[in-house]
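Okay, input.txt is below, compact mmCIF, C-alpha atoms and all ligand atoms:
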# COMPACT_ATOMS: atom_id res chain seq x y z
CA MET A 1 -68.28 4.76 110.71
CA SER A 2 -64.97 4.04 109.06
CA GLY A 3 -62.83 5.45 106.27
CA LEU A 4 -61.16 3.77 103.31
CA TYR A 5 -57.77 4.88 102.02
CA ILE A 6 -56.76 3.70 98.53
CA HIS A 7 -53.07 4.04 97.65
CA ILE A 8 -52.33 4.54 93.95
CA PRO A 9 -48.55 4.13 93.69
CA PHE A 10 -47.75 5.65 90.28
CA CYS A 11 -46.02 9.01 89.70
CA LYS A 12 -44.57 10.59 86.57
CA GLN A 13 -41.40 11.63 88.37
CA ALA A 14 -40.02 11.90 91.91
CA CYS A 15 -40.68 15.23 93.63
CA SER A 16 -37.54 16.28 95.47
CA TYR A 17 -39.16 16.34 98.95
CA CYS A 18 -41.33 13.23 98.73
CA ASP A 19 -40.96 10.14 100.90
CA PHE A 20 -44.27 8.43 100.09
CA TYR A 21 -44.26 5.05 98.39
CA PHE A 22 -44.47 5.38 94.60
CA VAL A 23 -42.95 4.04 91.38
CA THR A 24 -42.19 6.12 88.29
CA ARG A 25 -42.71 3.34 85.74
CA GLN A 26 -46.12 3.49 84.14
CA GLN A 27 -46.63 -0.12 83.10
CA HIS A 28 -49.08 -2.45 84.81
CA LYS A 29 -51.64 0.16 85.82
CA GLN A 30 -54.53 -2.07 84.71
CA ASP A 31 -52.91 -5.08 86.43
CA PHE A 32 -52.68 -2.96 89.57
CA VAL A 33 -56.35 -1.98 89.36
CA ASP A 34 -57.32 -5.65 88.89
CA GLU A 35 -55.26 -6.62 91.95
CA LEU A 36 -56.67 -3.75 94.00
CA ILE A 37 -60.18 -4.94 93.16
CA ARG A 38 -59.16 -8.44 94.30
CA GLU A 39 -57.89 -6.94 97.56
CA ILE A 40 -61.20 -5.09 98.01
CA TYR A 41 -63.15 -8.33 97.47
CA SER A 42 -60.93 -10.12 100.00
CA LYS A 43 -62.52 -7.91 102.69
CA LYS A 44 -66.05 -9.12 101.93
CA GLU A 45 -67.89 -10.26 105.06
CA THR A 46 -64.97 -9.53 107.36
CA GLU A 47 -64.82 -7.29 110.45
CA PHE A 48 -63.96 -4.41 108.08
CA THR A 49 -67.37 -4.47 106.47
CA GLU A 50 -69.31 -4.48 109.72
CA GLU A 51 -69.48 -0.71 109.95
CA ALA A 52 -70.52 1.73 107.26
CA VAL A 53 -67.83 3.55 105.29
CA GLN A 54 -68.35 7.31 105.38
CA SER A 55 -65.29 8.53 103.47
CA ILE A 56 -63.03 7.24 100.72
CA TYR A 57 -59.70 8.86 99.95
CA PHE A 58 -57.67 8.11 96.81
CA GLY A 59 -54.11 9.15 97.67
CA GLY A 60 -50.68 8.31 96.39
CA GLY A 61 -48.62 8.45 94.41
CA THR A 62 -50.79 10.14 91.83
CA PRO A 63 -54.36 8.81 91.64
CA SER A 64 -55.06 11.05 88.62
CA LEU A 65 -52.79 8.77 86.56
CA LEU A 66 -55.71 6.31 86.56
CA THR A 67 -58.46 6.77 84.01
CA ALA A 68 -61.94 7.75 85.17
CA GLU A 69 -63.10 4.25 84.08
CA GLN A 70 -60.51 2.62 86.36
CA VAL A 71 -61.61 4.83 89.28
CA ASN A 72 -65.21 3.88 88.54
CA ALA A 73 -64.36 0.16 88.57
CA ILE A 74 -62.63 0.53 91.97
CA LEU A 75 -65.63 2.40 93.39
CA ASP A 76 -68.04 -0.22 92.02
CA ALA A 77 -66.07 -2.92 93.84
CA ILE A 78 -66.11 -0.88 97.08
CA ARG A 79 -69.88 -0.35 96.83
CA ASP A 80 -70.31 -4.07 96.25
CA VAL A 81 -68.23 -5.14 99.26
CA PHE A 82 -68.77 -2.44 101.87
CA ASP A 83 -71.81 -0.98 103.50
CA THR A 84 -71.54 2.71 102.60
CA ASP A 85 -72.94 5.92 103.99
CA LEU A 86 -70.62 8.15 102.04
CA LYS A 87 -70.16 11.78 102.90
CA GLU A 88 -66.92 12.34 101.03
CA ILE A 89 -64.98 10.66 98.19
CA THR A 90 -61.74 12.52 97.53
CA LEU A 91 -59.25 11.96 94.74
CA GLU A 92 -55.82 13.61 94.72
CA MET A 93 -54.87 14.92 91.31
CA ASN A 94 -51.90 16.61 89.76
CA PRO A 95 -52.48 19.70 87.59
CA ASP A 96 -50.91 18.18 84.47
CA ASP A 97 -53.48 15.33 84.45
CA VAL A 98 -56.58 17.52 84.62
CA SER A 99 -58.90 18.09 81.67
CA ARG A 100 -62.59 18.97 81.37
CA GLU A 101 -63.43 15.43 80.23
CA TYR A 102 -61.40 13.82 83.00
CA LEU A 103 -63.15 15.81 85.73
CA ALA A 104 -66.54 15.04 84.21
CA GLY A 105 -65.62 11.33 84.15
CA LEU A 106 -64.52 11.38 87.80
CA LYS A 107 -67.67 13.20 88.83
CA SER A 108 -69.91 10.64 87.19
CA ALA A 109 -67.82 7.84 88.76
CA GLY A 110 -68.81 9.29 92.17
CA ILE A 111 -65.82 11.41 93.21
CA ASN A 112 -67.26 14.42 95.04
CA ARG A 113 -64.11 16.16 96.30
CA ALA A 114 -61.11 17.10 94.17
CA SER A 115 -57.73 17.56 95.85
CA MET A 116 -55.47 19.59 93.58
CA GLY A 117 -51.70 19.25 94.15
CA VAL A 118 -50.74 22.73 92.99
CA GLN A 119 -47.97 23.40 95.60
CA SER A 120 -46.93 26.67 93.90
CA PHE A 121 -47.36 28.67 90.70
CA ASN A 122 -43.80 29.93 90.82
CA PRO A 123 -41.68 28.33 88.01
CA GLU A 124 -38.43 28.27 90.06
CA LEU A 125 -40.14 26.68 93.04
CA LEU A 126 -41.85 24.07 90.88
CA LYS A 127 -38.47 23.24 89.40
CA PHE A 128 -36.85 23.12 92.85
CA MET A 129 -39.55 20.68 94.00
CA ASN A 130 -39.18 18.74 90.73
CA ARG A 131 -42.93 18.83 90.18
CA ALA A 132 -44.15 17.40 86.87
CA HIS A 133 -46.40 20.41 86.15
CA THR A 134 -45.69 23.92 84.96
CA SER A 135 -46.91 27.21 86.34
CA GLN A 136 -49.38 27.49 83.43
CA GLU A 137 -50.75 24.01 84.13
CA ALA A 138 -51.23 24.90 87.81
CA LEU A 139 -53.38 27.87 86.80
CA LYS A 140 -55.19 26.03 84.03
CA CYS A 141 -56.25 23.15 86.29
CA LEU A 142 -57.99 25.58 88.65
CA GLU A 143 -59.76 27.26 85.72
CA ILE A 144 -60.97 23.87 84.52
CA LEU A 145 -61.99 22.97 88.07
CA GLU A 146 -63.94 26.23 88.44
CA ALA A 147 -65.87 25.49 85.25
CA SER A 148 -66.56 21.89 86.34
CA ALA A 149 -69.31 20.40 88.49
CA PHE A 150 -66.92 20.10 91.48
CA ARG A 151 -68.03 22.57 94.16
CA VAL A 152 -66.08 20.82 96.90
CA PHE A 153 -62.34 20.90 96.42
CA THR A 154 -59.07 21.56 98.17
CA VAL A 155 -55.78 22.98 96.93
CA ASP A 156 -52.34 22.02 98.31
CA VAL A 157 -49.65 24.63 98.74
CA ILE A 158 -46.13 24.30 100.21
CA TYR A 159 -44.36 27.06 102.13
CA GLY A 160 -41.03 27.23 103.95
CA ASN A 161 -39.01 26.37 100.83
CA PRO A 162 -35.36 27.47 100.85
CA GLY A 163 -35.21 30.83 99.09
CA GLN A 164 -39.01 31.29 98.98
CA SER A 165 -39.81 34.91 99.78
CA LEU A 166 -42.96 36.13 101.52
CA ASP A 167 -43.90 37.89 98.27
CA VAL A 168 -43.78 34.66 96.29
CA LEU A 169 -45.88 32.89 98.91
CA GLU A 170 -48.38 35.76 98.94
CA GLN A 171 -48.70 35.64 95.16
CA ASP A 172 -49.38 31.90 95.34
CA LEU A 173 -52.08 32.41 97.97
CA ASP A 174 -53.62 35.33 96.03
CA THR A 175 -53.84 33.20 92.90
CA ILE A 176 -55.49 30.31 94.76
CA LEU A 177 -57.95 32.64 96.50
CA GLN A 178 -59.20 33.94 93.13
CA PHE A 179 -60.84 30.53 92.75
CA ASN A 180 -62.71 30.77 96.07
CA PRO A 181 -61.60 27.39 97.46
CA PRO A 182 -63.61 25.95 100.36
CA HIS A 183 -60.50 24.18 101.68
CA ILE A 184 -56.72 24.60 101.49
CA SER A 185 -53.91 22.41 102.83
CA ALA A 186 -50.75 24.44 103.41
CA TYR A 187 -47.74 22.36 104.34
CA SER A 188 -44.46 23.56 105.70
CA LEU A 189 -41.73 21.87 103.64
CA THR A 190 -40.29 18.97 105.62
CA ILE A 191 -36.89 17.73 104.56
CA GLU A 192 -36.82 13.97 105.05
CA PRO A 193 -33.41 12.23 105.05
CA GLN A 194 -34.19 9.70 102.29
CA THR A 195 -35.27 12.30 99.73
CA ARG A 196 -33.30 14.24 97.15
CA LEU A 197 -33.57 17.38 99.31
CA GLY A 198 -32.43 15.41 102.35
CA LYS A 199 -29.32 14.28 100.47
CA GLN A 200 -28.58 17.84 99.36
CA VAL A 201 -28.82 19.09 102.93
CA GLU A 202 -26.57 16.23 104.10
CA LEU A 203 -23.96 17.17 101.47
CA GLY A 204 -24.13 20.82 102.53
CA ARG A 205 -25.50 21.93 99.14
CA LEU A 206 -28.76 23.19 100.56
CA THR A 207 -29.58 25.15 103.69
CA PRO A 208 -33.10 24.86 105.10
CA PRO A 209 -34.77 28.20 105.91
CA LYS A 210 -34.41 29.59 109.43
CA ASP A 211 -37.20 28.96 111.95
CA ASP A 212 -38.10 32.68 111.95
CA THR A 213 -38.61 32.64 108.20
CA VAL A 214 -40.88 29.60 108.40
CA SER A 215 -42.76 31.25 111.25
CA ASP A 216 -43.34 34.36 109.07
CA HIS A 217 -44.63 32.13 106.27
CA PHE A 218 -46.99 30.42 108.72
CA ASP A 219 -48.32 33.79 109.94
CA LEU A 220 -48.89 34.96 106.39
CA VAL A 221 -50.84 31.80 105.51
CA VAL A 222 -53.01 31.96 108.65
CA ASP A 223 -53.79 35.69 108.28
CA LYS A 224 -54.30 35.73 104.55
CA LEU A 225 -56.64 32.75 104.55
CA ALA A 226 -58.53 33.97 107.63
CA ALA A 227 -59.15 37.29 105.86
CA ALA A 228 -60.78 35.26 103.07
CA GLY A 229 -62.97 33.39 105.60
CA ILE A 230 -60.85 30.23 105.48
CA GLN A 231 -59.94 29.32 109.05
CA GLN A 232 -57.16 27.10 110.27
CA TYR A 233 -58.59 23.97 111.91
CA GLU A 234 -55.44 21.83 112.01
CA VAL A 235 -51.73 22.62 111.76
CA SER A 236 -51.77 22.30 107.95
CA ASN A 237 -55.48 22.51 107.12
CA TYR A 238 -57.80 25.46 106.53
CA ALA A 239 -61.47 25.52 105.63
CA LYS A 240 -64.56 27.63 105.33
CA PRO A 241 -66.96 26.68 108.15
CA GLY A 242 -68.54 23.33 107.33
CA SER A 243 -65.94 22.43 104.66
CA GLU A 244 -63.48 20.63 106.94
CA ALA A 245 -62.23 17.32 105.49
CA VAL A 246 -64.26 14.36 106.77
CA HIS A 247 -61.62 11.72 106.01
CA ASN A 248 -58.68 13.43 107.71
CA SER A 249 -60.82 14.55 110.66
CA ASN A 250 -61.58 10.88 111.24
CA TYR A 251 -57.86 10.07 111.40
CA TRP A 252 -57.34 12.75 114.02
CA SER A 253 -60.22 11.50 116.17
CA HIS A 254 -59.06 7.88 116.02
CA GLU A 255 -61.84 6.38 113.92
CA ASN A 256 -61.23 3.06 112.17
CA TYR A 257 -59.72 3.21 108.70
CA LEU A 258 -58.70 0.55 106.25
CA GLY A 259 -55.88 1.15 103.76
CA LEU A 260 -55.79 -0.75 100.47
CA GLY A 261 -52.96 -0.83 97.94
CA PRO A 262 -49.18 -1.13 98.40
CA GLY A 263 -47.80 0.86 101.32
CA ALA A 264 -51.28 1.75 102.64
CA HIS A 265 -51.69 2.07 106.43
CA SER A 266 -54.65 0.76 108.41
CA PHE A 267 -55.89 1.34 111.94
CA TRP A 268 -58.63 -0.72 113.55
CA TRP A 269 -59.91 -0.88 117.12
CA ASN A 270 -60.00 -4.38 118.59
CA ASP A 271 -63.36 -5.69 119.86
CA ASP A 272 -62.61 -4.77 123.47
CA ARG A 273 -62.17 -1.06 122.48
CA LYS A 274 -59.20 -1.08 124.85
CA SER A 275 -56.61 -1.84 122.21
CA ALA A 276 -56.17 -1.44 118.48
CA THR A 277 -54.11 -2.80 115.60
CA ARG A 278 -52.11 -0.82 113.07
CA TRP A 279 -50.51 -2.35 110.00
CA THR A 280 -49.02 -1.35 106.68
CA ASN A 281 -49.34 -3.18 103.38
CA ARG A 282 -45.94 -4.01 101.91
CA SER A 283 -44.51 -1.08 99.97
CA ASN A 284 -43.68 -3.13 96.92
CA LEU A 285 -45.70 -2.97 93.72
CA ASN A 286 -44.23 -6.18 92.26
CA ALA A 287 -45.13 -8.13 95.38
CA TYR A 288 -48.58 -6.53 95.34
CA LEU A 289 -49.15 -7.55 91.73
CA ASN A 290 -48.33 -11.11 92.79
CA GLY A 291 -51.12 -11.00 95.35
CA ASP A 292 -48.94 -10.27 98.38
CA TRP A 293 -51.53 -8.03 100.04
CA LYS A 294 -53.24 -10.83 101.86
CA GLU A 295 -51.19 -10.78 105.04
CA LYS A 296 -51.03 -7.87 107.42
CA SER A 297 -47.34 -7.06 107.48
CA ASP A 298 -45.96 -6.63 111.02
CA PRO A 299 -49.23 -5.65 112.70
CA GLU A 300 -48.56 -3.42 115.67
CA GLN A 301 -50.67 -3.91 118.76
CA LEU A 302 -51.47 -0.65 120.51
CA ASN A 303 -52.59 -0.71 124.12
CA LEU A 304 -54.52 2.07 125.85
CA PRO A 305 -51.44 4.06 126.98
CA ASP A 306 -50.08 3.94 123.38
CA LEU A 307 -53.43 5.05 122.06
CA ALA A 308 -53.75 7.85 124.63
CA GLU A 309 -50.36 9.19 123.59
CA GLU A 310 -51.34 9.02 119.96
CA ARG A 311 -54.73 10.66 120.54
CA LEU A 312 -52.94 13.45 122.40
CA MET A 313 -50.56 13.97 119.50
CA LEU A 314 -53.33 13.96 116.91
CA GLY A 315 -55.77 16.04 118.96
CA LEU A 316 -53.29 18.80 119.79
CA ARG A 317 -52.60 19.29 116.10
CA THR A 318 -56.19 20.45 115.72
CA LYS A 319 -57.48 23.89 116.62
CA LYS A 320 -60.24 22.51 118.84
CA GLY A 321 -57.75 20.35 120.75
CA LEU A 322 -59.15 17.65 123.00
CA SER A 323 -60.90 17.29 126.32
CA LYS A 324 -59.37 15.89 129.48
CA GLU A 325 -62.67 14.12 130.02
CA GLU A 326 -62.39 12.25 126.71
CA LEU A 327 -58.82 11.20 127.54
CA LYS A 328 -59.96 9.90 130.89
CA LYS A 329 -63.12 8.16 129.69
CA ASN A 330 -61.84 6.57 126.48
CA TYR A 331 -58.17 6.08 127.27
CA TRP A 332 -58.00 6.03 131.09
CA PHE A 333 -55.41 8.76 130.77
CA GLU A 334 -54.63 11.61 133.12
CA PHE A 335 -51.71 14.03 132.84
CA ASN A 336 -48.95 13.54 135.38
CA GLU A 337 -47.52 16.30 137.55
CA ARG A 338 -44.69 17.16 135.14
CA GLN A 339 -47.03 17.34 132.18
CA LEU A 340 -49.46 19.58 134.08
CA ASN A 341 -46.60 21.93 135.00
CA TYR A 342 -45.41 21.96 131.41
CA LEU A 343 -48.92 22.76 130.13
CA GLN A 344 -49.19 25.50 132.74
CA LYS A 345 -45.95 27.03 131.44
CA LEU A 346 -47.20 26.83 127.86
CA GLU A 347 -50.31 28.69 128.93
CA GLU A 348 -48.28 31.40 130.68
CA ASN A 349 -46.21 31.80 127.49
CA GLY A 350 -49.33 32.10 125.35
CA LYS A 351 -48.77 28.79 123.56
CA ALA A 352 -51.71 26.80 124.92
CA LYS A 353 -55.10 27.05 126.61
CA THR A 354 -55.63 24.48 129.30
CA GLY A 355 -59.16 24.38 130.69
CA ALA A 356 -61.44 21.35 130.40
CA ARG A 357 -60.23 21.25 126.80
CA ILE A 358 -56.59 21.67 125.91
CA HIS A 359 -55.57 23.27 122.70
CA LEU A 360 -52.55 25.03 121.29
CA THR A 361 -52.75 28.68 120.34
CA ARG A 362 -51.43 30.02 117.07
CA GLU A 363 -47.97 30.48 118.65
CA GLY A 364 -48.13 26.94 120.02
CA LEU A 365 -49.21 25.47 116.67
CA LYS A 366 -46.05 26.91 115.09
CA ILE A 367 -43.98 24.53 117.20
CA THR A 368 -46.46 21.68 117.56
CA ASP A 369 -43.94 18.93 116.97
CA SER A 370 -41.53 20.03 119.69
CA ILE A 371 -44.38 20.59 122.19
CA LEU A 372 -45.76 17.12 121.50
CA LEU A 373 -42.35 15.53 121.83
CA ASP A 374 -41.84 17.26 125.19
CA LEU A 375 -45.27 16.18 126.43
CA VAL A 376 -45.05 12.52 125.53
CA THR A 377 -41.53 12.10 126.89
CA MET A 378 -42.62 13.36 130.33
CA THR A 379 -44.28 10.12 131.31
S1 LIG A 401 -46.58 13.45 92.89
FE1 LIG A 401 -46.96 13.27 95.11
S2 LIG A 401 -46.49 11.13 95.63
FE2 LIG A 401 -45.63 11.53 93.59
S3 LIG A 401 -43.49 12.05 93.99
FE3 LIG A 401 -44.65 13.98 93.90
S4 LIG A 401 -45.28 14.41 96.03
FE4 LIG A 401 -44.62 12.26 95.92

Let me see the structure of the file written as structure tokens.
Amino acid sequence: MSGLYIHIPFCKQACSYCDFYFVTRQQHKQDFVDELIREIYSKKETEFTEEAVQSIYFGGGTPSLLTAEQVNAILDAIRDVFDTDLKEITLEMNPDDVSREYLAGLKSAGINRASMGVQSFNPELLKFMNRAHTSQEALKCLEILEASAFRVFTVDVIYGNPGQSLDVLEQDLDTILQFNPPHISAYSLTIEPQTRLGKQVELGRLTPPKDDTVSDHFDLVVDKLAAAGIQQYEVSNYAKPGSEAVHNSNYWSHENYLGLGPGAHSFWWNDDRKSATRWTNRSNLNAYLNGDWKEKSDPEQLNLPDLAEERLMLGLRTKKGLSKEELKKNYWFEFNERQLNYLQKLEENGKAKTGARIHLTREGLKITDSILLDLVTMT
């Protein structure tokens, strides 16, 4: 079973922290949809249509800048080209695009999971992030969602912003919880060098919050959501039992996925199941509109040791972790002496559990990135 990722590269404005591929001009949306449909048809009767698609994810950019009719046309093309056994069709939307009619249109097009990019309800934080929506629109979109036919949805929230207090974060979580969401993604703000925030930090105009502050935010999110029955199942993802995201879970367990649209990533196992290919469509809308999606740009060949390392990094970001047996059987991987000692130390410090399955504890998950970096550089 595979997943399809569809990249919609349009945004109203640039959020200050964002390093995804997007354009802020709004022309050529229909041309883009036409080209995307051509790209979908180019996959007909290829290796990518040999297994059934179980999840589709419209990400971006801002997919909700497309009309429901355009989304429907894209889904029609997918159903025509791919064998589907769909469990989940998610579309990311921004609060300022949501209306009753729009949600109804998406629902009848086949979207069954709404991903709402709220991030915060706090006006200063929304301004700091340069989000296109207001605090009122963030609230209104959830009211509209609640009254809609969407029972499956997720809400995005960002913590660890410079100057964000625990009170402000708690108010944001309280407001979201009033709508009884089955799933929440809570991201710690990452300051990437090429973004507006990155530049401000470089110029010394902005100071990122201290690690202790971010750690307090993390604790608040985990505890508050757990008290509402929404459990952490990955570093940034929380769900009621049974509401975990199908599409993202497939990424973490190394299933095949095909990305369509400019800047979309793909991952596909080779026939021998001992190697895989990863590639990225060119991040250039003009080139895409001229049909330059046909070639895989710089495909990267991953051998079993590469894949083992990657599976380790993805698996340890999840609460359930991964089994040594799986690493051995599927990737011919066993930890070396240094790695075993390191894991032992993590266990003694309460940061990991290392039986037949290895997983990070809550304290370990707070510093996942540095643990993973340590582990993979000990080869
Ligand atoms: S709306 Fe999303 S993709 Fe667009 S700039 Fe903001 S964070 Fe980035």

Quiz prompt | Contacts to ligand LIG 401 (chain A) at 8 Å cut-off (all atoms listed in the file) as a PyMOL selection string | solution = chain A and resi 9-22+60-62+94+117+130-132

Only C-alpha atoms, please: the residues just picked out, written as a PDB file, keeping the file's coordinate frame.
ATOM      1  CA  PRO A   9     -48.550   4.130  93.690  1.00  0.00           C
ATOM      2  CA  PHE A  10     -47.750   5.650  90.280  1.00  0.00           C
ATOM      3  CA  CYS A  11     -46.020   9.010  89.700  1.00  0.00           C
ATOM      4  CA  LYS A  12     -44.570  10.590  86.570  1.00  0.00           C
ATOM      5  CA  GLN A  13     -41.400  11.630  88.370  1.00  0.00           C
ATOM      6  CA  ALA A  14     -40.020  11.900  91.910  1.00  0.00           C
ATOM      7  CA  CYS A  15     -40.680  15.230  93.630  1.00  0.00           C
ATOM      8  CA  SER A  16     -37.540  16.280  95.470  1.00  0.00           C
ATOM      9  CA  TYR A  17     -39.160  16.340  98.950  1.00  0.00           C
ATOM     10  CA  CYS A  18     -41.330  13.230  98.730  1.00  0.00           C
ATOM     11  CA  ASP A  19     -40.960  10.140 100.900  1.00  0.00           C
ATOM     12  CA  PHE A  20     -44.270   8.430 100.090  1.00  0.00           C
ATOM     13  CA  TYR A  21     -44.260   5.050  98.390  1.00  0.00           C
ATOM     14  CA  PHE A  22     -44.470   5.380  94.600  1.00  0.00           C
ATOM     15  CA  GLY A  60     -50.680   8.310  96.390  1.00  0.00           C
ATOM     16  CA  GLY A  61     -48.620   8.450  94.410  1.00  0.00           C
ATOM     17  CA  THR A  62     -50.790  10.140  91.830  1.00  0.00           C
ATOM     18  CA  ASN A  94     -51.900  16.610  89.760  1.00  0.00           C
ATOM     19  CA  GLY A 117     -51.700  19.250  94.150  1.00  0.00           C
ATOM     20  CA  ASN A 130     -39.180  18.740  90.730  1.00  0.00           C
ATOM     21  CA  ARG A 131     -42.930  18.830  90.180  1.00  0.00           C
ATOM     22  CA  ALA A 132     -44.150  17.400  86.870  1.00  0.00           C
TER      23      ALA A 132
END

Practice problem: Kindly give the distance, in Å, that separates CA of Ser99 in chain A and CA of Leu260 in chain A, rounded to a single decimal. | Solution: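 Going from CA of Ser99 in chain A over to CA of Leu260 in chain A covers 26.8 Å.
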
Quiz item: In terms of the shortest atom-to-atom distance over all atoms listed in the file, which of A:Thr377, A:Asn72, A:Asn122, A:Thr84 is closest to Ser108 in chain A?
Solution: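 When distances to Ser108 in chain A are compared using all atoms listed in the file, the smallest one comes from A:Asn72.
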
Exercise. Go through A:Ala228, A:Leu360, A:Leu289, A:Glu309 and flag the residue nearest Pro241 in chain A, using all atoms listed in the file for the distances.
Key: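 Result for the nearest residue to Pro241 in chain A: A:Ala228.
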
Practice problem: Have a look at CA of Ala77 in chain A and CA of Leu4 in chain A and let me know their distance in Å, one decimal. | Solution: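 So the two atoms, CA of Ala77 in chain A and CA of Leu4 in chain A, lie 12.6 Å apart.
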
Quiz item: Pick from A:Tyr5, A:Tyr102, A:Phe333, A:Phe128: nearest to Tyr57 in chain A, with only C-alpha atoms counted?
Solution: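 Among the listed residues, A:Tyr5 lies closest to Tyr57 in chain A.
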
Quiz item: When distances are computed from all atoms listed in the file, which of A:Lys127, A:His133, A:His217, A:Lys210 shows the smallest separation from Leu169 in chain A?
Solution: A:His217

Quiz item: Do you have the CA of Gln232 in chain A-CA of Arg357 in chain A distance handy?
Solution: 17.8 Å

Quiz prompt | Which residue of A:Lys199, A:His254, A:Arg317, A:Lys107 approaches Ala352 in chain A most closely, using only C-alpha atoms | solution =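 Residue with the minimum atom-to-atom distance to Ala352 in chain A: A:Arg317.
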
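If you measure from each of A:His265, A:Tyr251, A:His359, A:Arg100 to Ser323 in chain A using all atoms listed in the file, the closest one turns out to be A:His359.
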
Show me, as lines of an AutoDock Vina configuration file, the centre and edge lengths in Å to one decimal of the axis-aligned box that covers every listed atom of range 81-87 of chain A with 3 Å on each side.
center_x = -70.6
center_y = 3.3
center_z = 101.6
size_x = 10.7
size_y = 22.9
size_z = 10.7
